[in-house]
>>> print(open('coords.cif').read())   # mmCIF, C-alpha atoms and all ligand atoms
data_query
loop_
_atom_site.label_atom_id
_atom_site.label_comp_id
_atom_site.auth_asym_id
_atom_site.auth_seq_id
_atom_site.Cartn_x
_atom_site.Cartn_y
_atom_site.Cartn_z
CA MET A 1 80.07 -30.70 23.38
CA PRO A 2 79.58 -32.22 19.87
CA THR A 3 82.75 -31.80 17.82
CA ASP A 4 80.95 -29.83 15.10
CA GLU A 5 80.09 -27.15 17.68
CA ILE A 6 83.69 -26.63 18.80
CA THR A 7 85.05 -23.33 17.56
CA ALA A 8 87.91 -21.04 18.48
CA ALA A 9 85.41 -18.17 18.25
CA ALA A 10 83.81 -19.28 21.55
CA ALA A 11 86.59 -17.54 23.47
CA GLY A 12 85.79 -14.19 21.85
CA THR A 13 88.10 -11.97 19.85
CA TRP A 14 90.89 -9.43 20.35
CA THR A 15 92.33 -6.93 17.90
CA LEU A 16 96.10 -6.96 17.42
CA GLY A 17 96.84 -3.67 15.69
CA ASP A 18 94.32 -3.78 12.84
CA ARG A 19 93.85 -7.57 12.88
CA THR A 20 91.04 -9.21 14.83
CA VAL A 21 91.73 -12.78 15.92
CA ASN A 22 89.96 -15.38 17.98
CA ARG A 23 91.42 -15.44 21.47
CA MET A 24 91.97 -19.19 21.22
CA GLY A 25 94.97 -19.64 18.97
CA PHE A 26 97.62 -22.29 18.32
CA GLY A 27 101.32 -22.58 19.18
CA SER A 28 103.35 -24.46 16.56
CA MET A 29 106.48 -25.30 18.57
CA ARG A 30 105.29 -28.88 19.13
CA ILE A 31 104.35 -29.82 15.57
CA THR A 32 107.91 -30.70 14.62
CA ALA A 33 108.22 -33.30 17.39
CA HIS A 34 106.30 -36.16 15.77
CA PRO A 35 108.11 -38.10 13.02
CA ASP A 36 104.95 -38.16 10.87
CA ARG A 37 105.00 -34.96 8.82
CA ASP A 38 101.47 -35.56 7.51
CA ARG A 39 100.18 -35.55 11.06
CA ALA A 40 101.61 -32.07 11.65
CA VAL A 41 100.03 -30.82 8.43
CA ALA A 42 96.70 -32.34 9.46
CA VAL A 43 96.84 -30.72 12.91
CA LEU A 44 97.47 -27.30 11.39
CA ARG A 45 94.63 -27.67 8.87
CA ARG A 46 92.28 -28.90 11.58
CA ALA A 47 93.16 -25.91 13.77
CA VAL A 48 92.12 -23.54 11.00
CA GLU A 49 88.94 -25.58 10.36
CA LEU A 50 88.11 -25.13 14.04
CA GLY A 51 88.35 -21.37 13.65
CA VAL A 52 91.92 -20.78 14.84
CA ASN A 53 93.22 -17.68 13.07
CA HIS A 54 96.21 -16.84 15.28
CA VAL A 55 99.13 -19.24 14.83
CA ASP A 56 102.38 -18.65 16.67
CA THR A 57 105.67 -19.85 15.21
CA ALA A 58 109.40 -19.15 14.84
CA ALA A 59 111.99 -20.01 12.20
CA PHE A 60 114.04 -21.80 14.87
CA TYR A 61 111.26 -24.30 15.68
CA VAL A 62 112.99 -27.18 13.98
CA SER A 63 113.45 -30.89 14.47
CA PRO A 64 115.67 -32.83 14.57
CA GLY A 65 118.97 -31.22 15.45
CA GLY A 66 117.89 -28.61 17.93
CA THR A 67 117.62 -28.85 21.67
CA LEU A 68 114.02 -27.58 21.61
CA GLN A 69 112.65 -30.73 20.01
CA VAL A 70 114.05 -34.10 19.12
CA GLY A 71 112.97 -36.27 16.25
CA THR A 72 114.24 -38.39 13.42
CA GLY A 73 114.38 -38.00 9.67
CA PRO A 74 114.90 -34.88 7.61
CA ALA A 75 114.76 -31.47 9.25
CA ARG A 76 111.25 -30.19 9.77
CA TYR A 77 110.77 -26.49 10.31
CA ALA A 78 107.46 -25.43 11.86
CA THR A 79 107.35 -22.48 9.45
CA GLU A 80 107.66 -24.81 6.44
CA LEU A 81 104.99 -27.14 7.82
CA ILE A 82 102.71 -24.12 8.21
CA ARG A 83 103.35 -23.18 4.60
CA ALA A 84 102.74 -26.74 3.38
CA ALA A 85 99.52 -26.99 5.37
CA LEU A 86 98.01 -23.56 4.98
CA ALA A 87 99.32 -21.71 1.91
CA PRO A 88 97.69 -20.04 0.11
CA TYR A 89 96.93 -18.51 3.46
CA PRO A 90 93.35 -17.64 4.47
CA GLU A 91 92.75 -13.87 4.55
CA ASP A 92 91.92 -13.83 8.24
CA LEU A 93 94.91 -15.92 9.38
CA LEU A 94 97.47 -14.04 11.46
CA ILE A 95 100.85 -15.76 11.73
CA ALA A 96 102.91 -14.46 14.61
CA THR A 97 106.60 -15.24 14.53
CA LYS A 98 109.58 -14.27 16.61
CA VAL A 99 113.15 -13.17 16.10
CA GLY A 100 116.09 -13.03 18.46
CA PRO A 101 116.87 -16.71 18.84
CA GLY A 102 118.13 -18.36 15.67
CA TYR A 103 118.98 -21.86 14.59
CA ASP A 104 121.64 -22.92 12.15
CA PRO A 105 122.19 -26.63 11.38
CA ASP A 106 125.98 -26.17 11.69
CA ARG A 107 126.18 -23.85 14.68
CA GLY A 108 123.01 -24.72 16.62
CA PHE A 109 121.12 -22.05 18.54
CA SER A 110 122.35 -18.49 18.89
CA GLU A 111 120.91 -15.07 19.62
CA ALA A 112 120.73 -12.38 16.96
CA GLN A 113 122.36 -9.29 18.36
CA THR A 114 122.88 -6.82 15.57
CA PRO A 115 120.18 -5.19 13.45
CA ALA A 116 121.66 -6.99 10.42
CA GLN A 117 121.24 -10.37 12.13
CA LEU A 118 117.64 -9.55 13.04
CA ARG A 119 116.92 -8.50 9.45
CA ALA A 120 118.38 -11.82 8.27
CA GLN A 121 116.02 -13.66 10.62
CA VAL A 122 113.06 -11.71 9.22
CA GLU A 123 114.19 -12.76 5.73
CA GLU A 124 114.41 -16.38 6.86
CA ASN A 125 110.85 -16.25 8.20
CA LEU A 126 109.59 -14.71 4.94
CA ARG A 127 111.34 -17.39 2.90
CA ARG A 128 110.23 -20.37 4.98
CA LEU A 129 106.64 -19.16 5.31
CA GLY A 130 106.51 -18.15 1.63
CA ARG A 131 105.22 -14.66 2.32
CA ASP A 132 106.13 -11.14 1.25
CA HIS A 133 105.31 -9.73 4.69
CA LEU A 134 105.04 -10.92 8.29
CA ASP A 135 101.81 -10.18 10.18
CA LEU A 136 103.38 -9.97 13.62
CA VAL A 137 106.97 -10.27 14.78
CA ASN A 138 107.87 -10.64 18.45
CA LEU A 139 111.36 -9.64 19.47
CA ARG A 140 112.27 -12.41 21.93
CA LEU A 141 114.43 -11.08 24.73
CA TYR A 142 116.80 -12.96 27.02
CA ARG A 143 117.52 -12.31 30.67
CA ARG A 144 121.23 -12.19 29.93
CA PRO A 145 122.61 -8.84 28.75
CA ASN A 146 122.78 -8.11 25.03
CA PRO A 147 125.57 -5.80 23.87
CA VAL A 148 123.18 -4.08 21.43
CA PRO A 149 120.67 -1.82 23.21
CA LEU A 150 117.02 -2.84 22.98
CA VAL A 151 116.11 0.43 21.27
CA ASP A 152 118.51 -0.39 18.42
CA ARG A 153 117.23 -3.95 17.99
CA PHE A 154 113.57 -2.93 18.21
CA GLY A 155 114.37 0.09 16.01
CA ALA A 156 115.66 -2.22 13.26
CA LEU A 157 112.35 -4.09 13.31
CA ALA A 158 110.43 -0.80 13.39
CA GLU A 159 112.20 0.20 10.16
CA LEU A 160 110.94 -3.01 8.54
CA ARG A 161 107.49 -2.17 9.89
CA ASP A 162 107.69 1.26 8.26
CA ALA A 163 108.69 -0.46 5.01
CA GLY A 164 105.61 -2.73 5.21
CA VAL A 165 107.63 -5.94 5.55
CA ILE A 166 106.38 -6.37 9.12
CA ARG A 167 102.85 -5.30 9.97
CA HIS A 168 102.92 -5.41 13.78
CA LEU A 169 105.51 -5.78 16.54
CA GLY A 170 105.51 -7.44 19.93
CA LEU A 171 107.94 -8.39 22.69
CA ALA A 172 108.52 -11.84 24.13
CA ASN A 173 110.08 -12.77 27.47
CA ALA A 174 109.70 -9.10 28.34
CA ARG A 175 109.39 -7.02 31.49
CA PRO A 176 107.29 -3.88 31.98
CA GLU A 177 110.30 -1.57 31.66
CA HIS A 178 110.91 -2.88 28.13
CA LEU A 179 107.54 -1.48 27.06
CA ASP A 180 108.66 1.93 28.31
CA GLU A 181 112.04 1.66 26.58
CA VAL A 182 110.48 1.13 23.14
CA ARG A 183 107.39 3.30 23.64
CA ASP A 184 108.53 6.08 21.26
CA ILE A 185 109.81 3.74 18.54
CA ALA A 186 106.75 1.78 17.40
CA PRO A 187 103.59 0.36 18.98
CA VAL A 188 103.81 -2.98 20.79
CA VAL A 189 100.63 -4.96 20.11
CA CYS A 190 101.44 -7.95 22.31
CA VAL A 191 103.65 -9.33 25.04
CA GLN A 192 104.35 -13.06 24.91
CA ASN A 193 105.59 -14.42 28.24
CA ALA A 194 105.61 -17.69 30.17
CA TYR A 195 102.57 -17.70 32.49
CA GLY A 196 100.04 -20.13 33.93
CA VAL A 197 97.82 -20.86 36.88
CA ASP A 198 100.69 -22.13 39.03
CA ALA A 199 103.75 -20.86 37.18
CA TYR A 200 105.37 -17.47 36.63
CA ARG A 201 102.71 -15.68 38.67
CA GLU A 202 105.20 -12.86 39.22
CA ASP A 203 103.75 -11.66 35.90
CA ASP A 204 100.27 -11.03 37.44
CA GLY A 205 100.93 -7.28 37.55
CA PHE A 206 102.32 -7.29 34.01
CA VAL A 207 99.17 -9.01 32.75
CA ARG A 208 97.11 -6.21 34.30
CA LEU A 209 99.43 -3.51 32.94
CA CYS A 210 99.10 -4.90 29.42
CA GLY A 211 95.31 -4.83 29.81
CA GLU A 212 95.41 -1.18 30.92
CA ARG A 213 97.50 -0.32 27.84
CA ALA A 214 95.30 -2.41 25.48
CA ILE A 215 98.28 -4.64 24.68
CA ALA A 216 97.53 -8.34 24.22
CA TYR A 217 99.17 -10.64 26.76
CA VAL A 218 99.91 -14.04 25.17
CA PRO A 219 101.01 -16.68 27.68
CA PHE A 220 103.17 -19.60 26.63
CA PHE A 221 103.82 -22.66 28.81
CA ALA A 222 100.25 -22.23 30.15
CA LEU A 223 100.07 -26.05 30.15
CA ALA A 224 103.72 -27.01 30.52
CA GLY A 225 104.34 -24.50 33.35
CA THR A 226 107.80 -24.72 34.86
CA ARG A 227 108.44 -27.97 32.97
CA ARG A 228 108.76 -25.69 29.96
CA GLU A 229 110.04 -27.48 26.82
CA ALA A 230 109.71 -30.84 28.60
CA GLY A 231 105.93 -30.55 28.17
CA ALA A 232 102.77 -30.99 30.18
CA ALA A 233 103.24 -34.44 31.73
CA GLY A 234 103.53 -34.58 35.49
CA GLU A 235 101.55 -34.45 38.68
CA GLU A 236 98.49 -32.19 38.54
CA ASN A 237 97.70 -29.44 41.01
CA ALA A 238 94.78 -30.42 43.33
CA ALA A 239 92.78 -27.21 42.77
CA VAL A 240 93.00 -27.59 38.99
CA GLN A 241 91.85 -31.20 39.35
CA ALA A 242 88.87 -30.21 41.54
CA VAL A 243 87.68 -27.50 39.14
CA ALA A 244 88.10 -29.86 36.19
CA ARG A 245 85.96 -32.48 37.94
CA ASP A 246 83.20 -29.96 38.63
CA HIS A 247 83.05 -28.93 34.97
CA GLY A 248 83.51 -32.38 33.45
CA ALA A 249 86.59 -30.90 31.76
CA THR A 250 90.21 -31.94 31.60
CA THR A 251 92.84 -30.26 33.73
CA HIS A 252 94.48 -28.92 30.57
CA GLN A 253 91.22 -27.27 29.58
CA VAL A 254 90.92 -25.66 33.01
CA ARG A 255 94.47 -24.32 32.71
CA LEU A 256 93.71 -22.74 29.35
CA ALA A 257 90.36 -21.37 30.50
CA TRP A 258 92.05 -19.85 33.55
CA THR A 259 94.42 -17.83 31.34
CA LEU A 260 91.53 -16.57 29.22
CA HIS A 261 89.75 -15.43 32.40
CA GLN A 262 92.66 -13.13 33.32
CA GLY A 263 91.34 -10.45 30.96
CA PRO A 264 89.85 -9.93 27.50
CA HIS A 265 93.33 -9.07 26.22
CA VAL A 266 94.77 -12.50 27.13
CA LEU A 267 95.16 -14.80 24.12
CA ALA A 268 95.88 -18.54 24.29
CA ILE A 269 98.43 -20.33 22.06
CA PRO A 270 98.50 -23.89 23.43
CA GLY A 271 101.06 -26.05 21.68
CA THR A 272 100.29 -29.57 20.54
CA GLY A 273 101.15 -31.99 17.80
CA ASP A 274 98.25 -34.24 18.78
CA PRO A 275 94.96 -33.94 16.86
CA GLU A 276 92.83 -34.91 19.86
CA HIS A 277 94.60 -32.49 22.17
CA LEU A 278 94.03 -29.77 19.59
CA VAL A 279 90.26 -30.29 19.63
CA ALA A 280 90.17 -30.38 23.44
CA ASN A 281 92.21 -27.19 23.64
CA VAL A 282 89.97 -25.29 21.23
CA ALA A 283 86.92 -26.52 23.18
CA ALA A 284 88.43 -25.00 26.34
CA GLY A 285 87.65 -21.56 24.92
CA ALA A 286 83.98 -22.21 25.70
CA LEU A 287 84.64 -23.17 29.33
CA ARG A 288 83.29 -20.52 31.71
CA LEU A 289 84.81 -20.52 35.19
CA THR A 290 82.86 -19.12 38.13
CA PRO A 291 84.25 -16.59 40.62
CA GLU A 292 84.45 -19.50 43.09
CA ASP A 293 86.49 -21.54 40.60
CA LEU A 294 88.83 -18.61 40.06
CA ALA A 295 89.22 -18.11 43.81
CA ARG A 296 90.03 -21.81 44.24
CA LEU A 297 92.62 -21.60 41.49
CA GLY A 298 94.20 -18.59 43.17
N1 LIG A 301 108.08 -16.53 23.15
C1 LIG A 301 108.72 -17.58 23.60
O1 LIG A 301 109.84 -17.47 24.10
C2 LIG A 301 108.07 -18.94 23.54
C3 LIG A 301 108.65 -20.01 24.24
C4 LIG A 301 108.04 -21.24 24.19
C5 LIG A 301 106.88 -21.41 23.46
N2 LIG A 301 106.34 -20.37 22.75
C6 LIG A 301 105.08 -20.55 21.97
O2 LIG A 301 104.05 -20.87 22.87
C7 LIG A 301 103.38 -22.07 22.45
C8 LIG A 301 102.90 -22.80 23.69
O3 LIG A 301 104.01 -23.29 24.42
P1 LIG A 301 104.34 -24.86 24.50
O4 LIG A 301 103.84 -25.54 23.28
O5 LIG A 301 105.76 -25.01 24.82
O6 LIG A 301 103.64 -25.29 25.83
P2 LIG A 301 102.13 -25.47 26.36
O7 LIG A 301 101.13 -24.97 25.39
O8 LIG A 301 102.14 -24.98 27.74
O9 LIG A 301 102.03 -27.06 26.49
C9 LIG A 301 102.38 -27.95 25.53
C10 LIG A 301 102.49 -29.30 26.20
O10 LIG A 301 101.19 -29.71 26.61
C11 LIG A 301 100.82 -30.91 25.92
N3 LIG A 301 99.39 -30.74 25.61
C12 LIG A 301 98.84 -29.77 24.83
N4 LIG A 301 97.50 -29.89 24.82
C13 LIG A 301 97.21 -30.94 25.62
C14 LIG A 301 95.99 -31.55 26.01
N5 LIG A 301 94.81 -31.11 25.59
N6 LIG A 301 96.05 -32.64 26.83
C15 LIG A 301 97.25 -33.12 27.28
N7 LIG A 301 98.43 -32.56 26.96
C16 LIG A 301 98.41 -31.48 26.13
C17 LIG A 301 101.72 -30.98 24.72
O11 LIG A 301 101.97 -32.29 24.33
P3 LIG A 301 101.26 -32.90 23.00
O12 LIG A 301 102.01 -32.36 21.82
O13 LIG A 301 101.42 -34.36 23.19
O14 LIG A 301 99.83 -32.47 23.01
C18 LIG A 301 103.01 -30.38 25.30
O15 LIG A 301 103.68 -31.31 26.11
C19 LIG A 301 104.45 -22.82 21.67
O16 LIG A 301 103.90 -23.81 20.82
C20 LIG A 301 105.13 -21.69 20.94
O17 LIG A 301 104.38 -21.34 19.78
C21 LIG A 301 106.90 -19.14 22.82
#
>>> encode(input="coords.cif", output="structure tokens")
Amino acid sequence: MPTDEITAAAAGTWTLGDRTVNRMGFGSMRITAHPDRDRAVAVLRRAVELGVNHVDTAAFYVSPGGTLQVGTGPARYATELIRAALAPYPEDLLIATKVGPGYDPDRGFSEAQTPAQLRAQVEENLRRLGRDHLDLVNLRLYRRPNPVPLVDRFGALAELRDAGVIRHLGLANARPEHLDEVRDIAPVVCVQNAYGVDAYREDDGFVRLCGERAIAYVPFFALAGTRREAGAAGEENAAVQAVARDHGATTHQVRLAWTLHQGPHVLAIPGTGDPEHLVANVAAGALRLTPEDLARLG
């Protein structure tokens, strides 16, 4: 496909609360990895040029110093790179961020537990992004127990939603019962979980449940799979390779297309700091898999 025909709109749209976005979005966790700051800025601007209007981030996406990414030179926060690249922000751009995990240069990573800590993380996101409100905030949960009940943590964010500081709420790393726990507090517009063609398939039922409830399901690690933060390098699954060959596509494009074929409510946020990978990922939104392809991919 000629580059000037590549658009994030090819994957169709989904409405998160009152905000319609292209289903092909962008995950910003990887943009802090490369030492060249200008390259990160260029990738973000190119994503928007290609029609991406759903960018996922977090105030704790930072390099160097964290365990999520390594790099050299002065600290680079993904949120600050987004601000440098995209402010003043286009009207139709939805920036999704997350709270729960936090990063402090002196203490490293920690989890916000109290409502006050969560509010402080919201403030940090506002400050780094240079905004007076946040479009979408995901409360990122951990498997380990948190001494503060979920209803109290989500309730603190719901109060900020009522105040207009946060427009929409979601849950990340969640299970179906979490949706039920917060049901009476505020609407959940999306669930962001690890999921891919050959990873975390225990979420298949959750993907369907979100569709039934008109909640967006936003997979992360759709490319990296169980290699998680280590990235997408590694041996490729034979079925993915075969489908890619048939379509003249890359295996990464097939992986992204597969997620988008799991339902109209599934949104992609592939993460890359590489300009060429970005273009290939956006192009994957136009890839149409056949029922035979989907059967082969399981
Ligand atoms: N809610 C949560 O707890 C949570 C957790 C993790 C991530 N996230 C979000 O989800 C987004 C996606 O996750 P992710 O970035 O970790 O993983 P991912 O999208 O599954 O994969 C990223 C990996 O794939 C590589 N890659 C991307 N496009 C490629 C292409 N076209 N060809 C070859 N390699 C390619 C990247 O390296 P290059 O940079 O070299 O392209 C990187 O190694 C993140 O950016 C972040 O916004 C959320």
>>> residues_near_ligand(input="coords.cif", ligand="ligand LIG 301 (chain A)", cutoff="7 Å", atoms="only C-alpha atoms and all ligand atoms", output="PyMOL selection string")
chain A and resi 26-30+56-57+140+172-173+192-193+220-225+228-233+252-253+269-274+277-278+280-281
>>> residues_near_point(input="coords.cif", point="(106.2, -24.8, 37.9)", cutoff="8 Å", atoms="all atoms listed in the file", output="JSON, numbers by chain")
{"A": [198, 199, 200, 225, 226, 227]}
>>> residues_around(input="coords.cif", residues="A:Val151", least_positions_apart="4", cutoff="8 Å", atoms="all atoms listed in the file", output="PyMOL selection string")
chain A and resi 155+181-182+185
>>> write_last_selection(input="coords.cif", atoms="C-alpha atoms", output="PDB file, keeping the file's coordinate frame")
ATOM      1  CA  GLY A 155     114.370   0.090  16.010  1.00  0.00           C
ATOM      2  CA  GLU A 181     112.040   1.660  26.580  1.00  0.00           C
ATOM      3  CA  VAL A 182     110.480   1.130  23.140  1.00  0.00           C
ATOM      4  CA  ILE A 185     109.810   3.740  18.540  1.00  0.00           C
TER       5      ILE A 185
END
>>> axis_aligned_box(input="coords.cif", around="stretch 171-180 of chain A", padding_each_side="6 Å", output="JSON")
{"center_x": 109.1, "center_y": -5.4, "center_z": 27.3, "size_x": 15.6, "size_y": 26.7, "size_z": 21.3}
>>> atom_distance(input="coords.cif", atom1="atom CA of A:Val207", atom2="atom CA of A:Gln262")
7.7 Å
>>> atom_distance(input="coords.cif", atom1="atom CA of A:Val148", atom2="atom CA of A:Gly100")
11.8 Å
>>> closest_residue(input="coords.cif", among="A:Gly164, A:Gly298, A:Pro90, A:Gly263", to="A:Gly12", atoms="all atoms listed in the file")
A:Gly263
>>> closest_residue(input="coords.cif", among="A:Arg23, A:Arg39, A:Arg175, A:Arg83", to="A:Leu129", atoms="all atoms listed in the file")
A:Arg83
>>> closest_residue(input="coords.cif", among="A:Asp135, A:Asp104, A:Asp184, A:Glu202", to="A:Leu160", atoms="only C-alpha atoms")
A:Asp135
>>> residues_around(input="coords.cif", residues="A:Arg127", least_positions_apart="3", cutoff="12 Å", atoms="all atoms listed in the file", output="JSON list (two decimals) with C-alpha atoms, in the coordinates of the input")
[["chain", "number", "residue", "atom", "x", "y", "z"],
["A", 59, "ALA", "CA", 111.99, -20.01, 12.20],
["A", 77, "TYR", "CA", 110.77, -26.49, 10.31],
["A", 79, "THR", "CA", 107.35, -22.48, 9.45],
["A", 80, "GLU", "CA", 107.66, -24.81, 6.44],
["A", 83, "ARG", "CA", 103.35, -23.18, 4.60],
["A", 120, "ALA", "CA", 118.38, -11.82, 8.27],
["A", 121, "GLN", "CA", 116.02, -13.66, 10.62],
["A", 122, "VAL", "CA", 113.06, -11.71, 9.22],
["A", 123, "GLU", "CA", 114.19, -12.76, 5.73],
["A", 124, "GLU", "CA", 114.41, -16.38, 6.86],
["A", 130, "GLY", "CA", 106.51, -18.15, 1.63],
["A", 131, "ARG", "CA", 105.22, -14.66, 2.32],
["A", 132, "ASP", "CA", 106.13, -11.14, 1.25],
["A", 133, "HIS", "CA", 105.31, -9.73, 4.69],
["A", 134, "LEU", "CA", 105.04, -10.92, 8.29]]
>>> residues_around(input="coords.cif", residues="stretch 234-241 of chain A", least_positions_apart="5", cutoff="7 Å", atoms="all atoms listed in the file", output="PyMOL selection string")
chain A and resi 251+254+296-297
>>> atom_distance(input="coords.cif", atom1="atom CA of A:Asn125", atom2="atom CA of A:Arg143")
23.8 Å
>>> closest_residue(input="coords.cif", among="A:Ala116, A:Leu169, A:Leu141, A:Leu81", to="A:Ala156", atoms="all atoms listed in the file")
A:Ala116
>>> closest_residue(input="coords.cif", among="A:Val282, A:Ala249, A:Leu139, A:Leu256", to="A:Tyr195", atoms="all atoms listed in the file")
A:Leu256
>>> residues_around(input="coords.cif", residues="A:Ala112", least_positions_apart="5", cutoff="7 Å", atoms="only C-alpha atoms", output="list in words")
Gly100, Pro101, Gly102, Gln117 and Leu118 of chain A
